[in-house]
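Novice: Have a look at this one.
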Number of protein chains: 2
Amino acid sequence: MIHGMEQLYERVAQRGPVCVGLDTLSDYVPPRERRRALDDAEAVLSFNRAIIDGTIDVCACFKVQIAYYEALGLGGLRVYAQTLRYIRERGALVIADVKRGDIADTAAQYARAHFSGDLEADFVTLSPYMGMDTLTPWLPYVEDQGKGVFVLLRTSNAGMRDFEYRELKSGGRLYHEVGNRLSELALQFMGASGFSALGAVVGCTEKDEAAELRRQWPHLFFLIPGYGAQGGAAEDAALLLRAGNGGVVNASRSILKAWTQGIRELSSGFEGRLPGEITYQDAAQAARAGVIEMAQAIRTAGANQNQGKE
Amino acid sequence: MIHGMEQLYERVAQRGPVCVGLDTLSDYVPPRERRRALDDAEAVLSFNRAIIDGTIDVCACFKVQIAYYEALGLGGLRVYAQTLRYIRERGALVIADVKRGDIADTAAQYARAHFSGDLEADFVTLSPYMGMDTLTPWLPYVEDQGKGVFVLLRTSNAGMRDFEYRELKSGGRLYHEVGNRLSELALQFMGASGFSALGAVVGCTEKDEAAELRRQWPHLFFLIPGYGAQGGAAEDAALLLRAGNGGVVNASRSILKAWTQGIRELSSGFEGRLPGEITYQDAAQAARAGVIEMAQAIRTAGANQNQGKE
């Protein structure tokens, strides 16, 4: 079986590494469309579908952050399920950004929840704090159904220094230990591309550390958040890739809100129209232009870095 | 305002430290009742209500593990919401065991999700891996609405040794660092009882370590899982309390399945009846007997330990 991470590798090879993050707030919906919707949940679903339609053939995958849907209650969770289903029915890959981390029977229930049924995704994000046994119940789905996971490793928030970055008595930092343990387990789930079905969440970081991260765990596929709204840049992201592959780079707000920003100049379709006249279609077009521009920026940065090495 | 952790302290003082964990599988529902239910989700909800009714005046609080409900999809999440609402409407306190750990806007959405609206709980469990900034967005709810949190500190699963237990170069173990940072922040949210609205998840452990944990962070209220089905015992739990308070001890399976076990001897109501004849009412009665017995066992263990000290 070709596992999901192999498919993701293929998508990146074809379309570049952009992961479209559907961390959708109802505020991101163009006002005209939001007014016409039955309620905020319906507006978010229609907006998501438009963004998916507009970017599906230029992005590597989608990531849906469940927190934004939980915050709308049961109606929001229905939209979460519908968004996942829409992405998968259209043949695209989706990462459920749920950062679950629990053990034994509880973890088994989480795995069932996110790898089957209403909330089924292709990949999930997991948190390693409680130990490697938090991963165990997810592995049968990796083995038998081609699912994949991304384990939190080294993030790029300020608080990263509190625990992830702490030096251990035995040498290295906590996140090195997480990476080494994960890397060892990952060898059991290798694909033909040279990457495992077990990957890691790695934030954009300083130049030297990024290069070291990539070198240290060559077979871990990276989910790289923090592009755009969170301040990362193409250069940082490119350093975490290997010849432009081996990871996906997530951008959420900068893509979803492309219609409100300077990026609109790129998608000349709605130049000069008032914000109140913008449609889902316009938002989708702006998002598409944003994805293409981002993929290009990462590709250029990667090419420059390679040139620098020669 | 009397914050939730103060209320919890009061409940423990009145009724003992048992936290009833509603990690409900449809398999736990007596067969006769399960057959009569419309579907598994309805059976779980009716079962939860019976257990709540049967134990509400003898337990300190309830804990609902969201994984078990997510695993049933959207219908399960509706039951999760209905269970939380039922507990709160009946005037009891409920911990949402969600182990969320994310940052910035995402964490703010999670806080909104679990401290307001359909999924509102009195307390949540949180995971600290990404750093102390994962806690920040929850604090306004602690400050303004009397909510409380329990941060994963030192759990009792085997994998605990992988990361939580690692020794840091600067001294102590990782979980000590988490505890110290949490403890410092917790001082900003102190109640009259001497406990903060910020508490910690601490598993039953060896004798010396338990005593040290309790001594080290005297103002952190503990959520203590791992009693019963997970192998902990009254002696271990009592060591993590302070004169029988300062923590709640969670039991799930042993209470929910009390009707199937030896405990039925205590609640003589259905002695001699066949399993196929057991009702919700019987399950509730057995659960009640289980809670009373567990509270008594912890009280006795605590008294013996105190005597040992004299």
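Note on naming: chains are A, B, ... as they come in the structure tokens, residues start from 1 per chain, ligands start from 1 in the order shown.
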Using only C-alpha atoms, determine which residues of chain B fall within 7 Å of chain A; present them as an NGL selection string.
Specialist: :B and (67-68 or 70-74 or 78 or 106 or 109-110 or 112-113 or 117-119 or 129-133 or 155 or 159-160 or 162-164 or 167-169)
Novice: I'd like the contact shell of A:Leu213 - 9 Å cut-off, only C-alpha atoms, skipping same-chain residues fewer than 3 positions apart - returned as a PyMOL selection string.
Specialist: chain A and resi 176+202+208-210+216-218+240
Novice: Can you pull out every residue within 10 Å of B:Arg90, counting only C-alpha atoms, but drop anything in the same chain fewer than 2 positions away, and send it as a PyMOL selection string?
Specialist: chain B and resi 52-53+56+85-88+92-93
Novice: In Å, how far is it from atom CA of B:Ala233 to atom CA of B:Asn250?
Specialist: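 Calculated distance between atom CA of B:Ala233 and atom CA of B:Asn250 is 11.3 Å.
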Novice: Looking only at the backbone, which of the residues in stretch 108-198 of chain A does DSSP tag as helix (DSSP H, G or I), as a PyMOL selection string?
Specialist: chain A and resi 108-115+117-119+132-134+136-145+158-161+174-189
Novice: Rounded to one decimal, what separation in Å do you get between atom CA of A:Lys257 and atom CA of A:Tyr280?
Specialist: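 Between these atoms lies a distance of 11.5 Å.
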Novice: Mind listing the strand (DSSP E) residues of stretch 147-309 of chain A, per DSSP on the backbone, as a PyMOL selection string?
Specialist: chain A and resi 148-154+198-202+222-224+247-251
Novice: I want to know what sits within 6 Å of A:Asp97, based on only C-alpha atoms, with residues of the same chain fewer than 6 positions away left out; could you give that as a list in words?
Specialist: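 Result of the neighbour search: Val64, Gln65, Val124 and Thr125 of chain A.
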